[in-house]
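What follows is the content of entry.csv, which has CSV, N, CA and C atoms:
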```csv
chain,number,residue,atom,x,y,z
A,1,MET,N,-37.6,-63.7,-4.0
A,1,MET,CA,-38.2,-62.7,-4.9
A,1,MET,C,-38.0,-61.3,-4.3
A,2,ARG,N,-38.1,-61.2,-3.0
A,2,ARG,CA,-37.9,-59.9,-2.3
A,2,ARG,C,-36.5,-59.4,-2.5
A,3,ASP,N,-35.5,-60.4,-2.3
A,3,ASP,CA,-34.1,-60.0,-2.4
A,3,ASP,C,-33.8,-59.6,-3.8
A,4,LEU,N,-34.3,-60.2,-4.8
A,4,LEU,CA,-34.1,-59.9,-6.2
A,4,LEU,C,-34.7,-58.5,-6.5
A,5,ARG,N,-35.9,-58.3,-6.0
A,5,ARG,CA,-36.6,-57.0,-6.3
A,5,ARG,C,-35.8,-55.8,-5.7
A,6,LYS,N,-35.1,-56.1,-4.5
A,6,LYS,CA,-34.3,-55.0,-3.8
A,6,LYS,C,-33.2,-54.6,-4.7
A,7,VAL,N,-32.7,-55.4,-5.5
A,7,VAL,CA,-31.5,-55.1,-6.4
A,7,VAL,C,-32.0,-54.8,-7.8
A,8,GLY,N,-33.3,-54.6,-8.0
A,8,GLY,CA,-33.8,-54.2,-9.3
A,8,GLY,C,-34.1,-55.3,-10.3
A,9,ILE,N,-34.1,-56.5,-9.8
A,9,ILE,CA,-34.4,-57.6,-10.7
A,9,ILE,C,-35.7,-58.2,-10.5
A,10,GLY,N,-36.6,-58.2,-11.5
A,10,GLY,CA,-37.9,-58.8,-11.4
A,10,GLY,C,-37.8,-60.3,-11.5
A,11,ALA,N,-38.7,-61.0,-10.9
A,11,ALA,CA,-38.7,-62.5,-11.0
A,11,ALA,C,-40.1,-63.0,-11.1
A,12,VAL,N,-40.2,-64.2,-11.6
A,12,VAL,CA,-41.5,-64.8,-11.8
A,12,VAL,C,-41.5,-66.1,-11.0
A,13,LEU,N,-42.4,-66.3,-10.1
A,13,LEU,CA,-42.6,-67.6,-9.4
A,13,LEU,C,-43.7,-68.3,-10.1
A,14,ASN,N,-43.3,-69.5,-10.7
A,14,ASN,CA,-44.3,-70.2,-11.4
A,14,ASN,C,-44.5,-71.6,-10.7
A,15,TYR,N,-45.7,-71.8,-10.3
A,15,TYR,CA,-46.1,-73.0,-9.6
A,15,TYR,C,-47.2,-73.7,-10.5
A,16,SER,N,-47.1,-74.9,-10.8
A,16,SER,CA,-48.1,-75.6,-11.6
A,16,SER,C,-48.4,-77.0,-11.0
A,17,ALA,N,-49.6,-77.3,-10.9
A,17,ALA,CA,-50.1,-78.6,-10.4
A,17,ALA,C,-51.3,-79.0,-11.2
A,18,GLU,N,-51.2,-80.2,-11.7
A,18,GLU,CA,-52.3,-80.7,-12.5
A,18,GLU,C,-52.8,-82.1,-11.9
A,19,VAL,N,-54.1,-82.3,-12.1
A,19,VAL,CA,-54.7,-83.5,-11.6
A,19,VAL,C,-55.8,-83.9,-12.6
A,20,SER,N,-56.0,-85.2,-12.7
A,20,SER,CA,-57.1,-85.7,-13.6
A,20,SER,C,-58.0,-86.5,-12.7
A,21,LEU,N,-59.3,-86.1,-12.8
A,21,LEU,CA,-60.3,-86.9,-12.0
A,21,LEU,C,-61.0,-87.9,-13.0
A,22,ASP,N,-60.6,-87.8,-14.2
A,22,ASP,CA,-61.3,-88.7,-15.2
A,22,ASP,C,-60.9,-90.2,-14.9
A,23,GLY,N,-61.9,-91.0,-14.9
A,23,GLY,CA,-61.7,-92.4,-14.7
A,23,GLY,C,-61.8,-92.8,-13.2
A,24,ASP,N,-61.9,-91.9,-12.3
A,24,ASP,CA,-62.0,-92.2,-10.9
A,24,ASP,C,-63.5,-92.4,-10.6
A,25,GLU,N,-63.9,-93.6,-10.7
A,25,GLU,CA,-65.4,-93.9,-10.5
A,25,GLU,C,-65.8,-93.7,-9.0
A,26,LYS,N,-64.9,-93.6,-8.1
A,26,LYS,CA,-65.2,-93.5,-6.7
A,26,LYS,C,-65.7,-92.1,-6.4
A,27,LEU,N,-65.4,-91.1,-7.2
A,27,LEU,CA,-65.8,-89.7,-6.9
A,27,LEU,C,-67.2,-89.4,-7.3
A,28,THR,N,-68.0,-89.0,-6.4
A,28,THR,CA,-69.4,-88.6,-6.7
A,28,THR,C,-69.3,-87.2,-7.3
A,29,ASP,N,-70.5,-86.8,-7.8
A,29,ASP,CA,-70.5,-85.5,-8.4
A,29,ASP,C,-70.3,-84.4,-7.3
A,30,GLU,N,-70.8,-84.7,-6.1
A,30,GLU,CA,-70.6,-83.8,-5.0
A,30,GLU,C,-69.1,-83.7,-4.6
A,31,LYS,N,-68.4,-84.8,-4.6
A,31,LYS,CA,-67.0,-84.8,-4.2
A,31,LYS,C,-66.2,-84.0,-5.3
A,32,ARG,N,-66.6,-84.2,-6.6
A,32,ARG,CA,-65.9,-83.5,-7.6
A,32,ARG,C,-66.2,-82.0,-7.5
A,33,ARG,N,-67.4,-81.6,-7.2
A,33,ARG,CA,-67.7,-80.2,-7.0
A,33,ARG,C,-66.9,-79.6,-5.8
A,34,LEU,N,-66.8,-80.3,-4.7
A,34,LEU,CA,-66.0,-79.9,-3.6
A,34,LEU,C,-64.5,-79.7,-3.9
A,35,PHE,N,-64.0,-80.7,-4.7
A,35,PHE,CA,-62.6,-80.6,-5.2
A,35,PHE,C,-62.4,-79.3,-6.0
A,36,GLU,N,-63.3,-79.1,-7.0
A,36,GLU,CA,-63.2,-77.9,-7.8
A,36,GLU,C,-63.3,-76.6,-6.9
A,37,GLU,N,-64.2,-76.6,-5.9
A,37,GLU,CA,-64.3,-75.4,-5.1
A,37,GLU,C,-63.0,-75.2,-4.3
A,38,LYS,N,-62.4,-76.2,-3.8
A,38,LYS,CA,-61.1,-76.1,-3.1
A,38,LYS,C,-60.0,-75.6,-4.1
A,39,ARG,N,-60.0,-76.0,-5.3
A,39,ARG,CA,-59.0,-75.5,-6.3
A,39,ARG,C,-59.2,-74.0,-6.6
A,40,LEU,N,-60.5,-73.6,-6.7
A,40,LEU,CA,-60.8,-72.2,-6.9
A,40,LEU,C,-60.3,-71.3,-5.7
A,41,GLN,N,-60.5,-71.9,-4.5
A,41,GLN,CA,-60.1,-71.2,-3.3
A,41,GLN,C,-58.5,-71.0,-3.3
A,42,GLU,N,-57.8,-72.0,-3.8
A,42,GLU,CA,-56.4,-71.9,-3.9
A,42,GLU,C,-55.9,-70.8,-4.9
A,43,VAL,N,-56.7,-70.7,-6.0
A,43,VAL,CA,-56.4,-69.7,-7.0
A,43,VAL,C,-56.6,-68.3,-6.4
A,44,GLU,N,-57.7,-68.2,-5.7
A,44,GLU,CA,-58.0,-66.9,-5.0
A,44,GLU,C,-56.9,-66.5,-4.0
A,45,LYS,N,-56.5,-67.5,-3.2
A,45,LYS,CA,-55.5,-67.3,-2.2
A,45,LYS,C,-54.2,-66.8,-2.9
A,46,ALA,N,-53.8,-67.4,-4.0
A,46,ALA,CA,-52.6,-67.0,-4.8
A,46,ALA,C,-52.7,-65.6,-5.3
A,47,LEU,N,-53.9,-65.2,-5.8
A,47,LEU,CA,-54.1,-63.8,-6.3
A,47,LEU,C,-53.9,-62.8,-5.1
A,48,ILE,N,-54.5,-63.2,-4.0
A,48,ILE,CA,-54.5,-62.3,-2.8
A,48,ILE,C,-53.0,-62.1,-2.4
A,49,GLU,N,-52.3,-63.2,-2.3
A,49,GLU,CA,-50.9,-63.2,-1.9
A,49,GLU,C,-50.0,-62.4,-2.8
A,50,SER,N,-50.3,-62.5,-4.1
A,50,SER,CA,-49.6,-61.7,-5.1
A,50,SER,C,-49.8,-60.2,-4.8
A,51,GLY,N,-51.0,-59.8,-4.6
A,51,GLY,CA,-51.3,-58.4,-4.2
A,51,GLY,C,-50.6,-58.0,-3.0
A,52,ARG,N,-50.6,-58.8,-1.9
A,52,ARG,CA,-50.0,-58.5,-0.7
A,52,ARG,C,-48.5,-58.3,-0.9
A,53,PHE,N,-47.9,-59.1,-1.7
A,53,PHE,CA,-46.5,-59.0,-2.0
A,53,PHE,C,-46.2,-57.6,-2.7
A,54,GLU,N,-47.0,-57.2,-3.6
A,54,GLU,CA,-46.8,-55.9,-4.3
A,54,GLU,C,-47.0,-54.8,-3.3
A,55,VAL,N,-47.9,-54.9,-2.4
A,55,VAL,CA,-48.1,-53.8,-1.3
A,55,VAL,C,-46.9,-53.8,-0.5
A,56,GLN,N,-46.4,-54.9,0.0
A,56,GLN,CA,-45.1,-54.9,0.8
A,56,GLN,C,-44.0,-54.3,0.1
A,57,MET,N,-43.9,-54.5,-1.2
A,57,MET,CA,-42.8,-53.9,-2.0
A,57,MET,C,-42.9,-52.4,-2.0
A,58,GLY,N,-44.1,-51.9,-2.2
A,58,GLY,CA,-44.3,-50.5,-2.1
A,58,GLY,C,-44.0,-49.9,-0.8
A,59,GLU,N,-44.4,-50.6,0.3
A,59,GLU,CA,-44.1,-50.1,1.7
A,59,GLU,C,-42.7,-50.1,2.0
A,60,GLN,N,-41.9,-50.9,1.3
A,60,GLN,CA,-40.4,-50.9,1.4
A,60,GLN,C,-39.7,-49.9,0.5
A,61,GLY,N,-40.5,-49.1,-0.2
A,61,GLY,CA,-40.0,-48.1,-1.1
A,61,GLY,C,-39.5,-48.7,-2.5
A,62,LEU,N,-39.9,-49.9,-2.7
A,62,LEU,CA,-39.5,-50.6,-4.0
A,62,LEU,C,-40.6,-50.4,-5.0
A,63,ARG,N,-40.2,-50.5,-6.3
A,63,ARG,CA,-41.1,-50.4,-7.4
A,63,ARG,C,-42.2,-51.5,-7.4
A,64,GLN,N,-43.4,-51.1,-7.6
A,64,GLN,CA,-44.5,-52.1,-7.6
A,64,GLN,C,-44.9,-52.4,-9.0
A,65,GLY,N,-45.6,-53.5,-9.2
A,65,GLY,CA,-46.3,-53.7,-10.4
A,65,GLY,C,-45.7,-54.8,-11.4
A,66,SER,N,-44.7,-55.5,-10.9
A,66,SER,CA,-44.1,-56.5,-11.8
A,66,SER,C,-44.5,-57.9,-11.5
A,67,THR,N,-45.4,-58.1,-10.5
A,67,THR,CA,-45.8,-59.5,-10.3
A,67,THR,C,-46.9,-59.9,-11.3
A,68,SER,N,-46.7,-61.1,-11.8
A,68,SER,CA,-47.7,-61.6,-12.8
A,68,SER,C,-48.4,-62.8,-12.2
A,69,PHE,N,-49.5,-63.1,-12.8
A,69,PHE,CA,-50.3,-64.3,-12.4
A,69,PHE,C,-50.9,-64.9,-13.6
A,70,ALA,N,-50.6,-66.2,-13.8
A,70,ALA,CA,-51.2,-66.9,-14.9
A,70,ALA,C,-52.0,-68.1,-14.5
A,71,LEU,N,-53.1,-68.3,-15.1
A,71,LEU,CA,-54.1,-69.3,-14.8
A,71,LEU,C,-54.4,-70.1,-16.1
A,72,LYS,N,-54.2,-71.4,-16.0
A,72,LYS,CA,-54.5,-72.2,-17.2
A,72,LYS,C,-55.8,-73.0,-16.9
A,73,VAL,N,-56.7,-72.8,-17.8
A,73,VAL,CA,-58.0,-73.5,-17.6
A,73,VAL,C,-58.1,-74.6,-18.7
A,74,VAL,N,-58.4,-75.8,-18.3
A,74,VAL,CA,-58.5,-76.9,-19.2
A,74,VAL,C,-59.9,-77.5,-19.0
A,75,SER,N,-60.6,-77.7,-20.1
A,75,SER,CA,-61.9,-78.3,-20.1
A,75,SER,C,-61.9,-79.7,-20.7
A,76,HIS,N,-62.6,-80.6,-20.1
A,76,HIS,CA,-62.7,-81.9,-20.6
A,76,HIS,C,-64.1,-82.2,-21.2
A,77,PHE,N,-64.8,-81.1,-21.5
A,77,PHE,CA,-66.1,-81.3,-22.2
A,77,PHE,C,-66.2,-80.1,-23.1
A,78,PRO,N,-67.1,-80.2,-24.1
A,78,PRO,CA,-67.2,-79.2,-25.1
A,78,PRO,C,-67.5,-77.8,-24.5
A,79,LEU,N,-66.8,-76.8,-25.0
A,79,LEU,CA,-66.9,-75.4,-24.4
A,79,LEU,C,-68.4,-74.9,-24.7
A,80,SER,N,-69.0,-75.5,-25.7
A,80,SER,CA,-70.4,-75.0,-26.0
A,80,SER,C,-71.3,-75.3,-24.8
A,81,GLN,N,-71.0,-76.3,-24.0
A,81,GLN,CA,-71.8,-76.5,-22.9
A,81,GLN,C,-71.7,-75.4,-21.8
A,82,LEU,N,-70.5,-74.8,-21.8
A,82,LEU,CA,-70.3,-73.7,-20.9
A,82,LEU,C,-71.1,-72.5,-21.3
A,83,CYS,N,-71.2,-72.3,-22.6
A,83,CYS,CA,-71.9,-71.1,-23.1
A,83,CYS,C,-73.4,-71.1,-23.0
A,84,THR,N,-73.9,-72.3,-22.8
A,84,THR,CA,-75.4,-72.4,-22.8
A,84,THR,C,-76.0,-72.2,-21.4
A,85,ARG,N,-75.1,-72.1,-20.4
A,85,ARG,CA,-75.6,-72.0,-19.0
A,85,ARG,C,-75.8,-70.6,-18.6
```
Just dump the structure as C-alpha cells.
Amino acid sequence: MRDLRKVGIGAVLNYSAEVSLDGDEKLTDEKRRLFEEKRLQEVEKALIESGRFEVQMGEQGLRQGSTSFALKVVSHFPLSQLCTR
C-alpha cells in the first residue's frame, strides 16, 4: 500500500473473518463475553493502525486521507433487545 501511495495510487486492504458461536454448547456466557471483548480489541487495533499509516504517509510528504475502514456488525438476536438496554 505504501508503494502504491508513493506513485499516486490509492488502495484498499480488505480483511474479513467470520465465526459463528451458535450451537457451541461448550462456551459459557463468560467465554463468549471474553471472545467478544477480544474481537473488539482487534477492531480497535485495526483502527489505530489505519491512523498510524496515514500519519506515516504525511510524514513522507504523501497525501493523507485515503485510508478507509469498514466494520460489519451482525446480530443473531432481535435488534429491539439492543435498544432497550
In Å, rounded to a single decimal, give me how far atom C of Asp3 of chain A is from atom C of Gly58 of chain A.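 So the answer is 14.4 Å.
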To one decimal place in Å, what is the distance between atom C of Asn14 of chain A and atom CA of Gly65 of chain A?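 Taking atom C of Asn14 of chain A as the start and atom CA of Gly65 of chain A as the end point, the length is 18.0 Å.
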Need to verify the contact set: segment 40-55 of chain A, 7 Å, only C-alpha atoms, exclusion of same-chain residues closer than 4 positions in sequence. Can you return it as a list in words?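 Contacts, in chain order: Glu36, Glu59, Gln64, Gly65 and Thr67 of chain A.
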Å distance separating atom CA of Leu62 of chain A from atom CA of Lys6 of chain A, one decimal place: 6.8 Å
With distances taken over only C-alpha atoms, which residue among A:Arg2, A:Ala11, A:Arg39, A:Thr28 lies nearest Ser68 of chain A?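 For Ser68 of chain A, the nearest of the candidates is A:Ala11.
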